[in-house]
>>> print(open('structure_19.cif').read())   # mmCIF, C-alpha atoms
data_data
loop_
_atom_site.label_atom_id
_atom_site.label_comp_id
_atom_site.auth_asym_id
_atom_site.auth_seq_id
_atom_site.Cartn_x
_atom_site.Cartn_y
_atom_site.Cartn_z
CA MET A 1 -0.75 -7.54 -4.89
CA THR A 2 -2.89 -10.66 -5.25
CA LEU A 3 -1.95 -10.75 -8.94
CA LEU A 4 1.72 -10.35 -7.96
CA ALA A 5 1.37 -13.32 -5.58
CA VAL A 6 -0.25 -15.44 -8.31
CA ILE A 7 2.57 -14.55 -10.76
CA LEU A 8 5.15 -15.49 -8.08
CA LEU A 9 3.33 -18.76 -7.41
CA LEU A 10 3.18 -19.65 -11.13
CA ALA A 11 6.86 -18.74 -11.58
CA GLY A 12 7.75 -20.86 -8.53
CA VAL A 13 5.79 -23.88 -9.76
CA ALA A 14 7.23 -23.50 -13.29
CA GLY A 15 10.78 -23.34 -11.95
CA LEU A 16 10.42 -26.26 -9.53
CA ALA A 17 12.27 -28.71 -11.81
CA ALA A 18 15.00 -26.27 -12.90
CA ASN A 19 15.91 -24.77 -9.50
CA PRO A 20 13.92 -26.31 -6.61
CA ARG A 21 15.58 -24.18 -3.91
CA ARG A 22 14.79 -20.83 -5.56
CA ALA A 23 11.34 -22.11 -6.58
CA HIS A 24 10.49 -22.98 -2.98
CA VAL A 25 11.55 -19.47 -1.89
CA MET A 26 9.29 -17.98 -4.57
CA ILE A 27 6.35 -20.19 -3.54
CA ALA A 28 6.86 -19.19 0.13
CA MET A 29 6.97 -15.50 -0.89
CA ALA A 30 3.77 -16.00 -2.92
CA ALA A 31 2.04 -17.61 0.08
CA GLY A 32 3.14 -14.74 2.36
CA THR A 33 1.97 -12.13 -0.15
CA LEU A 34 -1.39 -13.89 -0.53
CA VAL A 35 -1.93 -13.94 3.24
CA VAL A 36 -1.50 -10.14 3.24
CA ALA A 37 -3.10 -9.31 -0.09
CA LEU A 38 -6.30 -11.34 0.18
CA PRO A 39 -7.77 -9.57 3.24
CA LEU A 40 -6.80 -6.25 1.63
CA ALA A 41 -8.53 -7.21 -1.61
CA VAL A 42 -11.66 -8.31 0.32
CA VAL A 43 -12.00 -5.00 2.22
CA GLN A 44 -11.22 -2.97 -0.92
CA VAL A 45 -13.93 -4.77 -2.90
CA ASN A 46 -16.31 -4.41 0.04
CA TYR A 47 -15.72 -0.64 0.17
CA ALA A 48 -16.04 -0.30 -3.60
CA MET A 49 -19.39 -2.15 -3.46
CA ALA A 50 -20.57 0.04 -0.56
CA LEU A 51 -19.69 3.19 -2.54
CA SER A 52 -21.48 1.79 -5.57
CA ASP A 53 -24.55 1.18 -3.38
CA VAL A 54 -24.42 4.82 -2.20
CA ALA A 55 -24.25 6.03 -5.80
CA ASN A 56 -27.32 3.94 -6.73
CA ALA A 57 -29.35 4.60 -3.56
CA LEU A 58 -32.72 6.28 -3.50
CA ASP A 59 -33.34 8.91 -0.81
CA ALA A 60 -34.97 6.48 1.63
CA ALA A 61 -32.04 4.07 1.66
CA LEU A 62 -29.27 6.65 1.41
CA GLU A 63 -28.53 7.08 5.13
CA ALA A 64 -28.11 3.35 5.77
CA ARG A 65 -25.87 2.96 2.75
CA ILE A 66 -23.69 5.94 3.76
CA GLU A 67 -23.37 4.32 7.20
CA ARG A 68 -22.26 1.08 5.59
CA ALA A 69 -19.76 2.92 3.37
CA CYS A 70 -18.28 4.73 6.40
CA SER A 71 -17.92 1.42 8.29
CA SER A 72 -16.37 -0.21 5.20
CA GLN A 73 -13.82 2.58 4.80
CA ARG A 74 -12.87 2.22 8.49
CA ASN A 75 -12.33 -1.55 7.97
CA LEU A 76 -10.31 -0.82 4.84
CA TRP A 77 -8.04 1.57 6.76
CA VAL A 78 -7.63 -0.91 9.64
CA VAL A 79 -6.41 -3.62 7.25
CA THR A 80 -4.29 -1.11 5.28
CA ALA A 81 -2.63 0.10 8.49
CA VAL A 82 -1.89 -3.48 9.60
CA VAL A 83 -0.41 -4.32 6.18
CA MET A 84 1.73 -1.16 6.21
CA GLY A 85 2.83 -1.95 9.77
CA LEU A 86 3.93 -5.42 8.63
CA GLY A 87 5.73 -3.76 5.72
CA ALA A 88 7.56 -1.47 8.14
CA VAL A 89 8.66 -4.44 10.31
CA LEU A 90 9.86 -6.25 7.17
CA ALA A 91 11.72 -3.13 6.01
CA LEU A 92 13.39 -2.85 9.43
CA LEU A 93 14.55 -6.48 9.29
CA ARG A 94 15.87 -6.02 5.73
CA THR A 95 17.71 -2.85 6.75
CA LEU A 96 19.28 -4.60 9.74
CA ALA A 97 20.32 -7.47 7.44
CA VAL A 98 22.28 -5.01 5.27
CA PHE A 99 24.34 -3.81 8.23
CA PHE A 100 24.78 -7.04 10.26
CA MET B 1 -33.20 5.88 15.29
CA GLU B 2 -30.34 8.38 15.67
CA GLU B 3 -30.80 11.76 14.07
CA THR B 4 -28.98 12.56 10.82
CA ASP B 5 -26.90 15.74 10.70
CA ALA B 6 -28.71 18.10 8.32
CA GLU B 7 -25.52 19.74 7.02
CA THR B 8 -23.30 16.69 6.41
CA GLY B 9 -26.00 14.05 5.83
CA LEU B 10 -24.14 11.72 8.19
CA THR B 11 -25.86 9.74 10.92
CA PRO B 12 -24.01 9.71 14.29
CA ARG B 13 -23.03 6.09 13.62
CA ALA B 14 -21.52 7.03 10.25
CA ALA B 15 -19.68 9.99 11.82
CA ARG B 16 -18.31 7.71 14.57
CA ALA B 17 -17.05 5.21 11.96
CA LEU B 18 -15.37 8.07 10.09
CA VAL B 19 -13.71 9.46 13.22
CA ALA B 20 -12.61 5.95 14.30
CA THR B 21 -10.57 5.77 11.08
CA GLN B 22 -8.24 8.57 12.23
CA PRO B 23 -5.76 6.54 14.36
CA TRP B 24 -5.52 3.88 11.64
CA ALA B 25 -4.86 6.46 8.91
CA ASN B 26 -2.16 8.05 11.10
CA PHE B 27 -0.62 4.64 11.86
CA ALA B 28 -0.60 3.74 8.14
CA GLY B 29 1.04 7.08 7.35
CA ILE B 30 3.74 6.71 9.99
CA ALA B 31 4.42 3.09 8.90
CA ALA B 32 4.73 4.11 5.23
CA ILE B 33 7.08 7.00 6.03
CA SER B 34 9.15 4.64 8.23
CA VAL B 35 9.45 2.27 5.25
CA ALA B 36 10.58 5.20 3.08
CA LEU B 37 13.24 6.30 5.60
CA LEU B 38 14.44 2.71 6.10
CA ALA B 39 14.74 2.34 2.30
CA VAL B 40 17.05 5.37 2.23
CA VAL B 41 19.14 3.97 5.13
CA ARG B 42 19.28 0.56 3.37
CA GLY B 43 20.33 2.18 0.09
CA ILE B 44 23.14 4.10 1.82
CA GLY B 45 24.17 0.88 3.55
CA ARG B 46 24.39 -0.99 0.25
CA LEU B 47 26.46 1.75 -1.36
CA TYR B 48 28.68 1.80 1.74
CA ARG B 49 29.32 -1.93 1.20
CA LEU B 50 30.37 -1.34 -2.41
CA PRO B 51 34.15 -1.28 -1.68
CA GLY B 52 33.78 -4.77 -0.18
CA ALA B 53 32.00 -6.02 -3.29
CA LEU B 54 34.69 -4.44 -5.50
CA ALA B 55 37.40 -6.16 -3.45
CA ALA B 56 35.53 -9.46 -3.94
CA GLY B 57 35.98 -9.15 -7.70
CA MET B 58 33.01 -7.10 -8.94
CA HIS B 59 34.05 -4.51 -11.51
CA GLY B 60 33.15 -2.57 -14.67
CA HIS B 61 29.63 -3.17 -15.97
CA ALA B 62 28.52 -5.08 -12.84
CA THR B 63 29.47 -2.12 -10.63
CA ALA B 64 27.42 0.31 -12.73
CA VAL B 65 24.42 -2.08 -12.67
CA TYR B 66 24.80 -2.47 -8.88
CA ILE B 67 24.96 1.29 -8.21
CA GLY B 68 22.13 2.05 -10.66
CA GLY B 69 19.97 -0.70 -9.19
CA VAL B 70 20.52 0.49 -5.61
CA ILE B 71 19.79 4.15 -6.47
CA ALA B 72 16.72 3.37 -8.62
CA GLY B 73 15.33 0.88 -6.07
CA THR B 74 15.87 3.29 -3.18
CA LEU B 75 14.25 6.22 -5.01
CA TRP B 76 11.27 4.10 -6.04
CA VAL B 77 10.58 2.50 -2.63
CA ALA B 78 11.21 5.75 -0.73
CA GLY B 79 9.11 7.80 -3.17
CA PHE B 80 6.22 5.29 -3.28
CA ASN B 81 5.96 4.98 0.49
CA GLY B 82 6.83 8.60 1.25
CA VAL B 83 4.02 9.95 -0.95
CA LEU B 84 1.48 7.42 0.38
CA GLY B 85 2.53 8.08 3.99
CA TRP B 86 2.21 11.83 3.53
CA LEU B 87 -1.27 11.47 1.98
CA ALA B 88 -2.41 9.09 4.75
CA LEU B 89 -1.19 11.54 7.42
CA ARG B 90 -3.03 14.39 5.67
CA TYR B 91 -6.22 12.29 5.71
CA GLY B 92 -5.66 11.55 9.41
CA GLY B 93 -5.20 15.28 10.03
CA ALA B 94 -8.43 16.11 8.20
CA LEU B 95 -10.27 13.48 10.26
CA ALA B 96 -8.90 15.10 13.42
CA GLY B 97 -10.71 18.27 12.31
CA VAL B 98 -13.92 16.25 11.92
CA ALA B 99 -13.44 14.60 15.33
CA ARG B 100 -12.82 17.89 17.18
CA ALA B 101 -16.19 19.43 16.33
CA GLU B 102 -19.38 18.46 18.16
CA ARG B 103 -21.22 18.77 14.85
CA PRO B 104 -18.55 18.61 12.12
CA PRO B 105 -19.05 21.21 9.37
CA ALA B 106 -19.78 19.81 5.91
CA ALA B 107 -16.59 21.46 4.58
CA ALA B 108 -14.43 19.42 7.01
CA VAL B 109 -16.12 16.15 6.01
CA VAL B 110 -15.80 16.96 2.29
CA CYS B 111 -12.11 17.86 2.78
CA ALA B 112 -11.49 14.53 4.56
CA PHE B 113 -13.22 12.52 1.82
CA ARG B 114 -11.31 14.45 -0.87
CA LEU B 115 -7.98 13.59 0.79
CA GLN B 116 -9.01 9.96 1.15
CA HIS B 117 -9.93 9.90 -2.56
CA ARG B 118 -6.49 11.34 -3.40
CA PHE B 119 -4.75 8.65 -1.31
CA TRP B 120 -6.51 5.76 -3.07
CA ARG B 121 -6.13 7.34 -6.51
CA VAL B 122 -2.36 7.80 -6.05
CA GLN B 123 -2.01 4.30 -4.61
CA GLY B 124 -3.92 2.87 -7.58
CA ILE B 125 -1.70 4.73 -10.07
CA LEU B 126 1.49 3.60 -8.29
CA TRP B 127 0.34 -0.04 -8.22
CA ALA B 128 -0.58 0.16 -11.90
CA VAL B 129 2.97 1.37 -12.61
CA VAL B 130 4.40 -1.51 -10.49
CA MET B 131 2.31 -4.06 -12.39
CA ALA B 132 3.26 -2.55 -15.77
CA LEU B 133 6.97 -2.65 -14.85
CA LEU B 134 6.57 -6.25 -13.66
CA VAL B 135 4.91 -7.31 -16.91
CA LEU B 136 7.65 -5.51 -18.90
CA GLY B 137 10.34 -7.18 -16.76
CA VAL B 138 8.86 -10.66 -17.22
CA ALA B 139 8.49 -10.03 -20.98
CA ALA B 140 12.09 -8.77 -21.27
CA ALA B 141 13.42 -11.73 -19.25
CA SER B 142 11.43 -14.14 -21.45
CA VAL B 143 12.86 -12.57 -24.64
CA VAL B 144 16.43 -12.80 -23.27
CA LEU B 145 15.93 -16.45 -22.22
CA LEU B 146 14.46 -17.35 -25.63
CA ALA B 147 17.37 -15.62 -27.39
CA LEU B 148 19.92 -17.46 -25.23
CA HIS B 149 18.35 -20.89 -25.86
CA ARG B 150 17.99 -20.39 -29.62
#
>>> encode(input="structure_19.cif", output="structure tokens")
Amino acid sequence: MTLLAVILLLAGVAGLAANPRRAHVMIAMAAGTLVVALPLAVVQVNYAMALSDVANALDAALEARIERACSSQRNLWVVTAVVMGLGAVLALLRTLAVFF
Amino acid sequence: MEETDAETGLTPRAARALVATQPWANFAGIAAISVALLAVVRGIGRLYRLPGALAAGMHGHATAVYIGGVIAGTLWVAGFNGVLGWLALRYGGALAGVARAERPPAAAVVCAFRLQHRFWRVQGILWAVVMALLVLGVAAASVVLLALHR
């Protein structure tokens, strides 16, 4: 999603001279996507690193690292749920726009 | 120091963090399935508006592109979110099994982690497909633009 936002941003900047109105819409969409995608990317990387730590842990450190992985996966699901909730609100607005 | 469960290898703090995920997984699942259902309603709405678009002068090739685009878009968005929502709800259900037990059996914890693994694997595959389609779309659009300006 972050990559998608960067592509949108680049396309918006590139098209600024040709079609400023559409370019501004694309830049705004890129900014919105980044606001959502960046926290998601942070918690995903954090969870991936925690899982990697569990895989590399020695017996003595294993419990603490499993604890950290469980907390990281909870944080990941919190952010995922919020993002999906925002997606549902957006989908509702888009659906209403089709009918009204 | 809290005592680690001998069967699951989870400390009470780790088990609490796992169980606390359940409402969020359920919420994510319900939100994703809502998006899928709304996509179907939106697709039907767009097809319902087709006579208006035809009256406004759209015909022939444009009509076929419009109908194809609406059907393909609806199937993709509904399928993507429907599958993810279903997997998230299954994970939430498995976590409910972990939460119910005083000392969750190892099988319940393993089942929950397996379902979570499936959710992220499917999401990763679907996003890879989205990115591949996006790259193909940008490449195709670039080729068309270059051909038009030549």
>>> resolve_selection(input="structure_19.cif", expression="the PyMOL selection byres ((chain A) within 8 of (chain B))", output="list of chain:residue names")
A:Leu4, A:Glu63, A:Ile66, A:Glu67, A:Arg68, A:Cys70, A:Ser71, A:Gln73, A:Arg74, A:Trp77, A:Val78, A:Thr80, A:Ala81, A:Val82, A:Met84, A:Gly85, A:Gly87, A:Ala88, A:Ala91, A:Leu92, A:Arg94, A:Thr95, A:Val98, A:Phe99
>>> resolve_selection(input="structure_19.cif", expression="the PyMOL selection byres ((chain B and resi 110) around 12)", output="ChimeraX atom specification")
/B:7-10,18,91,94-95,97-98,104-109,111-117
>>> residues_around(input="structure_19.cif", residues="stretch 37-39 of chain A", least_positions_apart="2", cutoff="9 Å", atoms="only C-alpha atoms", output="list in words")
Met1, Thr2, Ala5, Gly32, Thr33, Leu34, Val35, Ala41, Val42, Val43, Gln44, Val79 and Val83 of chain A
>>> axis_aligned_box(input="structure_19.cif", around="stretch 15-22 of chain A", padding_each_side="6 Å", output="lines of an AutoDock Vina configuration file")
center_x = 13.2
center_y = -24.8
center_z = -8.4
size_x = 17.5
size_y = 19.9
size_z = 21.0
